Every structure is written in C-alpha cells, then in structure tokens.
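Here is the file final_2.cif (mmCIF, C-alpha atoms).
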data_run
#
loop_
_atom_site.group_PDB
_atom_site.id
_atom_site.type_symbol
_atom_site.label_atom_id
_atom_site.label_comp_id
_atom_site.auth_asym_id
_atom_site.auth_seq_id
_atom_site.Cartn_x
_atom_site.Cartn_y
_atom_site.Cartn_z
ATOM 1 C CA MET V 1193 2.490 -4.114 -1.799
ATOM 2 C CA ARG V 1194 -0.144 -1.946 -0.161
ATOM 3 C CA PHE V 1195 2.443 0.448 1.232
ATOM 4 C CA ALA V 1196 4.342 0.696 -2.066
ATOM 5 C CA TYR V 1197 1.282 1.239 -4.261
ATOM 6 C CA GLY V 1198 -0.300 3.768 -1.896
ATOM 7 C CA LEU V 1199 1.448 5.651 0.874
ATOM 8 C CA LEU V 1200 5.007 5.285 -0.404
ATOM 9 C CA LEU V 1201 3.954 6.444 -3.862
ATOM 10 C CA TRP V 1202 2.255 9.515 -2.340
ATOM 11 C CA LEU V 1203 5.063 10.331 0.116
ATOM 12 C CA THR V 1204 7.740 10.136 -2.585
ATOM 13 C CA GLU V 1205 5.615 12.088 -5.078
ATOM 14 C CA GLY V 1206 5.762 9.206 -7.519
ATOM 15 C CA GLU V 1207 3.658 9.394 -10.628
ATOM 16 C CA GLY V 1208 2.777 5.754 -11.065
ATOM 17 C CA MET V 1209 3.604 2.138 -10.392
ATOM 18 C CA ILE V 1210 4.183 -0.805 -12.645
ATOM 19 C CA THR V 1211 4.497 -4.422 -11.713
ATOM 20 C CA TYR V 1212 7.166 -6.660 -13.169
ATOM 21 C CA ALA V 1213 4.691 -9.247 -14.367
ATOM 22 C CA TYR V 1214 1.112 -10.306 -13.842
ATOM 23 C CA GLN V 1215 2.032 -13.986 -14.019
ATOM 24 C CA ARG V 1216 5.563 -15.334 -14.228
ATOM 25 C CA PRO V 1217 5.931 -18.915 -13.079
ATOM 26 C CA TYR V 1218 9.577 -19.962 -12.887
ATOM 27 C CA TYR V 1219 10.830 -23.423 -13.788
ATOM 28 C CA THR V 1220 7.551 -25.158 -13.075
ATOM 29 C CA ASN V 1221 7.844 -27.789 -15.829
ATOM 30 C CA GLY V 1222 4.289 -28.850 -15.193
ATOM 31 C CA LYS V 1223 4.706 -28.728 -11.421
ATOM 32 C CA ASP V 1224 2.149 -27.091 -9.177
ATOM 33 C CA ILE V 1225 2.562 -23.297 -9.425
ATOM 34 C CA TYR V 1226 0.780 -22.976 -6.089
ATOM 35 C CA ASN V 1227 3.820 -24.547 -4.377
ATOM 36 C CA ASP V 1228 6.936 -22.369 -4.515
ATOM 37 C CA LEU V 1229 8.946 -24.913 -2.555
ATOM 38 C CA ASN V 1230 9.132 -27.374 -5.458
ATOM 39 C CA VAL V 1231 10.976 -25.018 -7.840
ATOM 40 C CA PRO V 1232 14.425 -23.392 -7.561
ATOM 41 C CA LYS V 1233 13.022 -19.858 -7.831
ATOM 42 C CA ASN V 1234 9.739 -18.453 -6.491
ATOM 43 C CA ASN V 1235 6.869 -17.921 -8.874
ATOM 44 C CA TYR V 1236 5.866 -14.313 -9.466
ATOM 45 C CA ILE V 1237 2.106 -14.418 -9.728
ATOM 46 C CA HIS V 1238 -0.552 -11.797 -9.006
ATOM 47 C CA TYR V 1239 -3.473 -13.837 -10.262
ATOM 48 C CA TYR V 1240 -3.345 -17.614 -10.228
ATOM 49 C CA PRO V 1241 -4.755 -19.425 -13.227
ATOM 50 C CA GLU V 1242 -6.914 -22.481 -12.662
ATOM 51 C CA TRP V 1243 -4.420 -25.271 -12.025
ATOM 52 C CA ASP V 1244 -5.153 -28.894 -11.365
ATOM 53 C CA ARG V 1245 -7.766 -28.839 -8.562
ATOM 54 C CA ASN V 1246 -7.007 -25.242 -7.536
ATOM 55 C CA PRO V 1247 -9.362 -22.452 -8.596
ATOM 56 C CA SER V 1248 -8.138 -19.245 -10.196
ATOM 57 C CA GLY V 1249 -7.995 -16.083 -8.152
ATOM 58 C CA PRO V 1250 -5.978 -13.098 -6.963
ATOM 59 C CA THR V 1251 -3.014 -13.417 -4.645
ATOM 60 C CA THR V 1252 -2.582 -11.473 -1.424
ATOM 61 C CA GLY V 1253 0.043 -9.412 -3.263
ATOM 62 C CA TRP V 1254 -2.500 -8.358 -5.868
ATOM 63 C CA GLU V 1255 -5.061 -7.503 -3.193
ATOM 64 C CA GLY V 1256 -2.406 -5.496 -1.336
ATOM 65 C CA ALA V 1257 -1.579 -3.527 -4.484
ATOM 66 C CA ARG V 1258 -5.283 -2.854 -5.065
ATOM 67 C CA GLU V 1259 -5.721 -1.630 -1.480
ATOM 68 C CA GLY V 1260 -2.666 0.599 -1.917
ATOM 69 C CA VAL V 1261 -4.186 2.180 -5.024
ATOM 70 C CA ASP V 1262 -7.351 2.840 -3.018
ATOM 71 C CA ASP V 1263 -5.291 4.425 -0.205
ATOM 72 C CA TYR V 1264 -3.666 6.687 -2.780
ATOM 73 C CA LYS V 1265 -7.088 7.660 -4.168
ATOM 74 C CA TYR V 1266 -8.312 8.707 -0.712
ATOM 75 C CA ILE V 1267 -5.260 10.923 -0.170
ATOM 76 C CA TYR V 1268 -5.452 12.335 -3.697
ATOM 77 C CA THR V 1269 -9.159 13.101 -3.330
ATOM 78 C CA PHE V 1270 -8.612 14.888 -0.028
ATOM 79 C CA PHE V 1271 -5.878 17.166 -1.375
ATOM 80 C CA THR V 1272 -7.670 17.809 -4.673
ATOM 81 C CA ILE V 1273 -10.850 18.948 -2.911
ATOM 82 C CA LEU V 1274 -8.869 20.887 -0.297
ATOM 83 C CA ASN V 1275 -6.883 22.811 -2.904
ATOM 84 C CA GLU V 1276 -10.006 23.624 -4.927
ATOM 85 C CA LYS V 1277 -11.841 24.875 -1.836
ATOM 86 C CA LYS V 1278 -8.870 26.977 -0.699
ATOM 87 C CA LYS V 1279 -9.083 28.906 -3.984
ATOM 88 C CA THR V 1280 -12.707 29.940 -3.547
ATOM 89 C CA GLU V 1281 -13.418 30.165 0.175
ATOM 90 C CA ASN V 1282 -13.484 33.226 2.415
ATOM 91 C CA ASP V 1283 -10.611 33.974 4.804
ATOM 92 C CA LYS V 1284 -12.361 32.392 7.798
ATOM 93 C CA ASN V 1285 -12.908 29.100 5.959
ATOM 94 C CA LYS V 1286 -9.403 29.196 4.476
ATOM 95 C CA LYS V 1287 -8.008 29.317 8.013
ATOM 96 C CA ILE V 1288 -10.138 26.315 9.046
ATOM 97 C CA LEU V 1289 -9.107 24.446 5.896
ATOM 98 C CA GLY V 1290 -5.470 25.176 6.741
ATOM 99 C CA GLU V 1291 -5.948 23.583 10.162
ATOM 100 C CA VAL V 1292 -7.559 20.491 8.641
ATOM 101 C CA GLU V 1293 -4.686 20.261 6.159
ATOM 102 C CA LYS V 1294 -2.157 20.398 9.021
ATOM 103 C CA GLU V 1295 -3.974 17.533 10.765
ATOM 104 C CA VAL V 1296 -3.799 15.327 7.659
ATOM 105 C CA LEU V 1297 -0.154 16.225 6.994
ATOM 106 C CA LYS V 1298 0.602 15.255 10.604
ATOM 107 C CA LEU V 1299 -1.092 11.886 10.046
ATOM 108 C CA LEU V 1300 0.992 11.321 6.920
ATOM 109 C CA SER V 1301 4.208 12.353 8.699
ATOM 110 C CA ASN V 1302 3.900 9.350 11.046
ATOM 111 C CA PHE V 1303 5.402 7.117 8.379
ATOM 112 C CA ASN V 1304 9.125 6.527 8.350
ATOM 113 C CA ILE V 1305 10.455 6.039 4.834
ATOM 114 C CA GLU V 1306 14.116 6.635 5.772
ATOM 115 C CA GLU V 1307 14.487 3.036 7.031
ATOM 116 C CA LEU V 1308 13.439 1.757 3.610
ATOM 117 C CA SER V 1309 16.628 2.948 1.921
ATOM 118 C CA SER V 1310 18.472 -0.195 3.017
ATOM 119 C CA ARG V 1311 17.832 -3.910 2.811
ATOM 120 C CA ASN V 1312 17.249 -3.815 6.572
ATOM 121 C CA GLY V 1313 13.951 -2.008 5.980
ATOM 122 C CA PHE V 1314 12.138 -5.324 5.480
ATOM 123 C CA PHE V 1315 12.069 -8.605 7.363
ATOM 124 C CA TRP V 1316 10.086 -11.837 7.569
ATOM 125 C CA THR V 1317 8.573 -12.944 10.851
ATOM 126 C CA GLU V 1318 9.643 -16.567 10.397
ATOM 127 C CA GLY V 1319 12.205 -18.613 8.519
ATOM 128 C CA LYS V 1320 13.498 -22.143 8.399
ATOM 129 C CA GLU V 1321 16.815 -23.545 7.301
ATOM 130 C CA LEU V 1322 16.420 -26.381 4.795
ATOM 131 C CA SER V 1323 19.974 -27.434 3.988
ATOM 132 C CA GLY V 1324 23.257 -25.659 3.435
ATOM 133 C CA ASP V 1325 22.719 -22.099 2.276
ATOM 134 C CA SER V 1326 19.190 -22.645 1.041
ATOM 135 C CA GLY V 1327 16.150 -21.861 3.121
ATOM 136 C CA TYR V 1328 12.722 -20.370 2.904
ATOM 137 C CA VAL V 1329 10.836 -17.652 4.655
ATOM 138 C CA SER V 1330 7.321 -17.702 5.933
ATOM 139 C CA GLY V 1331 5.031 -15.660 8.083
ATOM 140 C CA SER V 1332 4.466 -12.001 7.337
ATOM 141 C CA LEU V 1333 6.698 -9.572 5.481
ATOM 142 C CA LYS V 1334 7.130 -6.587 7.772
ATOM 143 C CA VAL V 1335 8.099 -3.182 6.442
ATOM 144 C CA LYS V 1336 9.841 -0.838 8.875
ATOM 145 C CA ASN V 1337 7.711 2.155 7.984
ATOM 146 C CA GLY V 1338 6.425 3.141 11.404
ATOM 147 C CA ILE V 1339 2.914 1.746 10.981
ATOM 148 C CA GLY V 1340 1.113 -1.490 11.673
ATOM 149 C CA PHE V 1341 -1.414 -3.381 9.604
ATOM 150 C CA ASP V 1342 -4.456 -1.805 11.291
ATOM 151 C CA ASP V 1343 -3.048 1.696 10.792
ATOM 152 C CA TYR V 1344 -3.784 1.612 7.060
ATOM 153 C CA GLN V 1345 -7.532 1.370 7.641
ATOM 154 C CA LYS V 1346 -7.415 3.971 10.411
ATOM 155 C CA LEU V 1347 -5.571 6.377 8.133
ATOM 156 C CA ARG V 1348 -8.001 5.801 5.278
ATOM 157 C CA LYS V 1349 -10.954 6.416 7.596
ATOM 158 C CA GLU V 1350 -9.412 9.602 9.010
ATOM 159 C CA ILE V 1351 -8.722 10.989 5.547
ATOM 160 C CA ALA V 1352 -12.267 10.156 4.430
ATOM 161 C CA LEU V 1353 -13.659 11.932 7.521
ATOM 162 C CA LYS V 1354 -11.407 14.946 6.908
ATOM 163 C CA THR V 1355 -12.589 15.084 3.290
ATOM 164 C CA ILE V 1356 -16.200 15.132 4.466
ATOM 165 C CA GLU V 1357 -15.294 17.762 7.054
ATOM 166 C CA ILE V 1358 -13.901 20.177 4.459
ATOM 167 C CA LEU V 1359 -16.939 19.675 2.256
ATOM 168 C CA LYS V 1360 -19.232 20.483 5.186
ATOM 169 C CA ILE V 1361 -17.197 23.544 6.184
ATOM 170 C CA CYS V 1362 -17.493 24.946 2.700
ATOM 171 C CA ASP V 1363 -21.167 24.051 2.291
ATOM 172 C CA LYS V 1364 -22.165 25.989 5.428
ATOM 173 C CA ASN V 1365 -21.459 29.367 3.814
#

Take the structure I supplied and represent it as structure tokens, if you would.
Amino acid sequence: MRFAYGLLLWLTEGEGMITYAYQRPYYTNGKDIYNDLNVPKNNYIHYYPEWDRNPSGPTTGWEGAREGVDDYKYIYTFFTILNEKKKTENDKNKKILGEVEKEVLKLLSNFNIEELSSRNGFFWTEGKELSGDSGYVSGSLKVKNGIGFDDYQKLRKEIALKTIEILKICDKN
C-alpha cells in the first residue's frame, strides 16, 4: 500500500488514488471480521469497527496507504520548491540546484517498476496448504520494486534534507 500510494504514484505520474472500499466484510454472517480464515473470501477492511471484544482501529494496509501519501508529499514538496527556486535564482545557484535535482532523481531511479507489470511482481514470504486447492498466505507481502522496508524512511529523510538544502542555498544570496 505504501509503495502504491506514494512512490509508484509519483513514478507513473498518476494524479490520484482511490481505494475499493473503506470497509467491506465478505460473508461474515455475524462471524468475527478479525478472522479471515473463517469466511470463504477475505474481508477488505481499512479500519476495523469495534467488534465483540476487539477495539476499533486502522489496519496495517490503511497505515501503509497513509505513509505512502506522506512519501508523495515529501517528493512533491521537493520538486515544487525546486522548480520555483529555479525560476528566480542566479546562474550560479541554478547550477547548484540542478546538481541537487540530479541527486534526487538518481535516488528515485533506484526503484524498479518494470517487474510490477506481471503477477510475478509480488509474493508472500510464507504460505500453508489447507486442503485441496485452498490455502492461505501469511508473512509479509513483498513487492519486487528494488527497495526494502527501511529504504522508504531513508528516501524520505534524504528528500527532506535535499529540500532544506535548496532552501538554504537560495537563502544565502
């Protein structure tokens, strides 16, 4: 979710995201919506309602989408400020800004979105056969995009630092 709502949206020049549903429990018939293994189709829930003894709250999918939106905002802010400063700065600063832009574009080029064009672009770290053709997956959903979990925070930090850097460059003169 984080990748789709942030970096993938930016890299593909998308203009927005929409989720299928905020809450869509399938076939629960009064069964526990916190347990997807007791229904024939997984529940699609971003925010769990209070249910039985379980409190309400966001799912990891919702939190991932929110983090992705924040990633997008960091990238958007960087390029918005950069482009505004490039219009008004002297030639010396424009050259420095161009170098900073190249550094950020290099960071963003580390992501491989070509692998995502097939169903092989995603995989689960674990799985277990239940019976016949049915089974379930568990563990972590991995996206073959060339980055690891920690890389998202590193990228966000680098872009924030580069944004501050361009503001300081332009404030000096």

What do you get, as a PyMOL selection string, if you spell out every residue that the PyMOL selection byres ((chain V and resi 1196) around 10) selects here? chain V and resi 1193-1195+1197-1203+1209+1256-1257+1260-1261

Could you tell me how far atom CA of Ile1351 of chain V lies from atom CA of Ser1301 of chain V, in Å and to one decimal? 13.4 Å

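If all atoms listed in the file are the atoms counted, then among V:Lys1278, V:Arg1245, V:Arg1216, V:Lys1294 the closest residue to Lys1354 of chain V is V:Lys1294.
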
Exercise: Ile1237 of chain V partners within 9 Å, all atoms listed in the file, chain neighbours under 2 positions left out, as a short mmCIF file (atom, residue, chain, number, x, y, z; two decimals) with C-alpha atoms, keeping the file's coordinate frame:
data_model
loop_
_atom_site.label_atom_id
_atom_site.label_comp_id
_atom_site.auth_asym_id
_atom_site.auth_seq_id
_atom_site.Cartn_x
_atom_site.Cartn_y
_atom_site.Cartn_z
CA ALA V 1213 4.69 -9.25 -14.37
CA TYR V 1214 1.11 -10.31 -13.84
CA GLN V 1215 2.03 -13.99 -14.02
CA ARG V 1216 5.56 -15.33 -14.23
CA PRO V 1217 5.93 -18.92 -13.08
CA ILE V 1225 2.56 -23.30 -9.43
CA ASN V 1235 6.87 -17.92 -8.87
CA TYR V 1239 -3.47 -13.84 -10.26
CA TYR V 1240 -3.34 -17.61 -10.23
CA PRO V 1250 -5.98 -13.10 -6.96
CA THR V 1251 -3.01 -13.42 -4.64
CA GLY V 1253 0.04 -9.41 -3.26
CA TRP V 1254 -2.50 -8.36 -5.87
#

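Here atom CA of Glu1293 of chain V is placed at a distance of 9.7 Å from atom CA of Asn1275 of chain V.
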
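Computed from the coordinates, the atom CA of Gly1206 of chain V to atom CA of Ile1267 of chain V distance equals 13.4 Å.
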
As a check of understanding, name the residues that the PyMOL selection byres ((chain V and resi 1270) around 10) selects in the supplied structure, as an MDAnalysis selection string. chainID V and resid 1264:1269 1271:1275 1293 1296 1351:1356 1358:1359

Reference answer for the PyMOL selection byres ((chain V and resi 1362) around 12), as a short mmCIF file (atom, residue, chain, number, x, y, z; two decimals) with C-alpha atoms, in the coordinates of the input:
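See selection_28.cif below for the written result:
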data_model
loop_
_atom_site.label_atom_id
_atom_site.label_comp_id
_atom_site.auth_asym_id
_atom_site.auth_seq_id
_atom_site.Cartn_x
_atom_site.Cartn_y
_atom_site.Cartn_z
CA ILE V 1273 -10.85 18.95 -2.91
CA LEU V 1274 -8.87 20.89 -0.30
CA GLU V 1276 -10.01 23.62 -4.93
CA LYS V 1277 -11.84 24.88 -1.84
CA LYS V 1278 -8.87 26.98 -0.70
CA LYS V 1279 -9.08 28.91 -3.98
CA THR V 1280 -12.71 29.94 -3.55
CA GLU V 1281 -13.42 30.16 0.18
CA ASN V 1282 -13.48 33.23 2.42
CA ASP V 1283 -10.61 33.97 4.80
CA LYS V 1284 -12.36 32.39 7.80
CA ASN V 1285 -12.91 29.10 5.96
CA LYS V 1286 -9.40 29.20 4.48
CA LYS V 1287 -8.01 29.32 8.01
CA ILE V 1288 -10.14 26.32 9.05
CA LEU V 1289 -9.11 24.45 5.90
CA THR V 1355 -12.59 15.08 3.29
CA ILE V 1356 -16.20 15.13 4.47
CA GLU V 1357 -15.29 17.76 7.05
CA ILE V 1358 -13.90 20.18 4.46
CA LEU V 1359 -16.94 19.68 2.26
CA LYS V 1360 -19.23 20.48 5.19
CA ILE V 1361 -17.20 23.54 6.18
CA ASP V 1363 -21.17 24.05 2.29
CA LYS V 1364 -22.16 25.99 5.43
CA ASN V 1365 -21.46 29.37 3.81
#
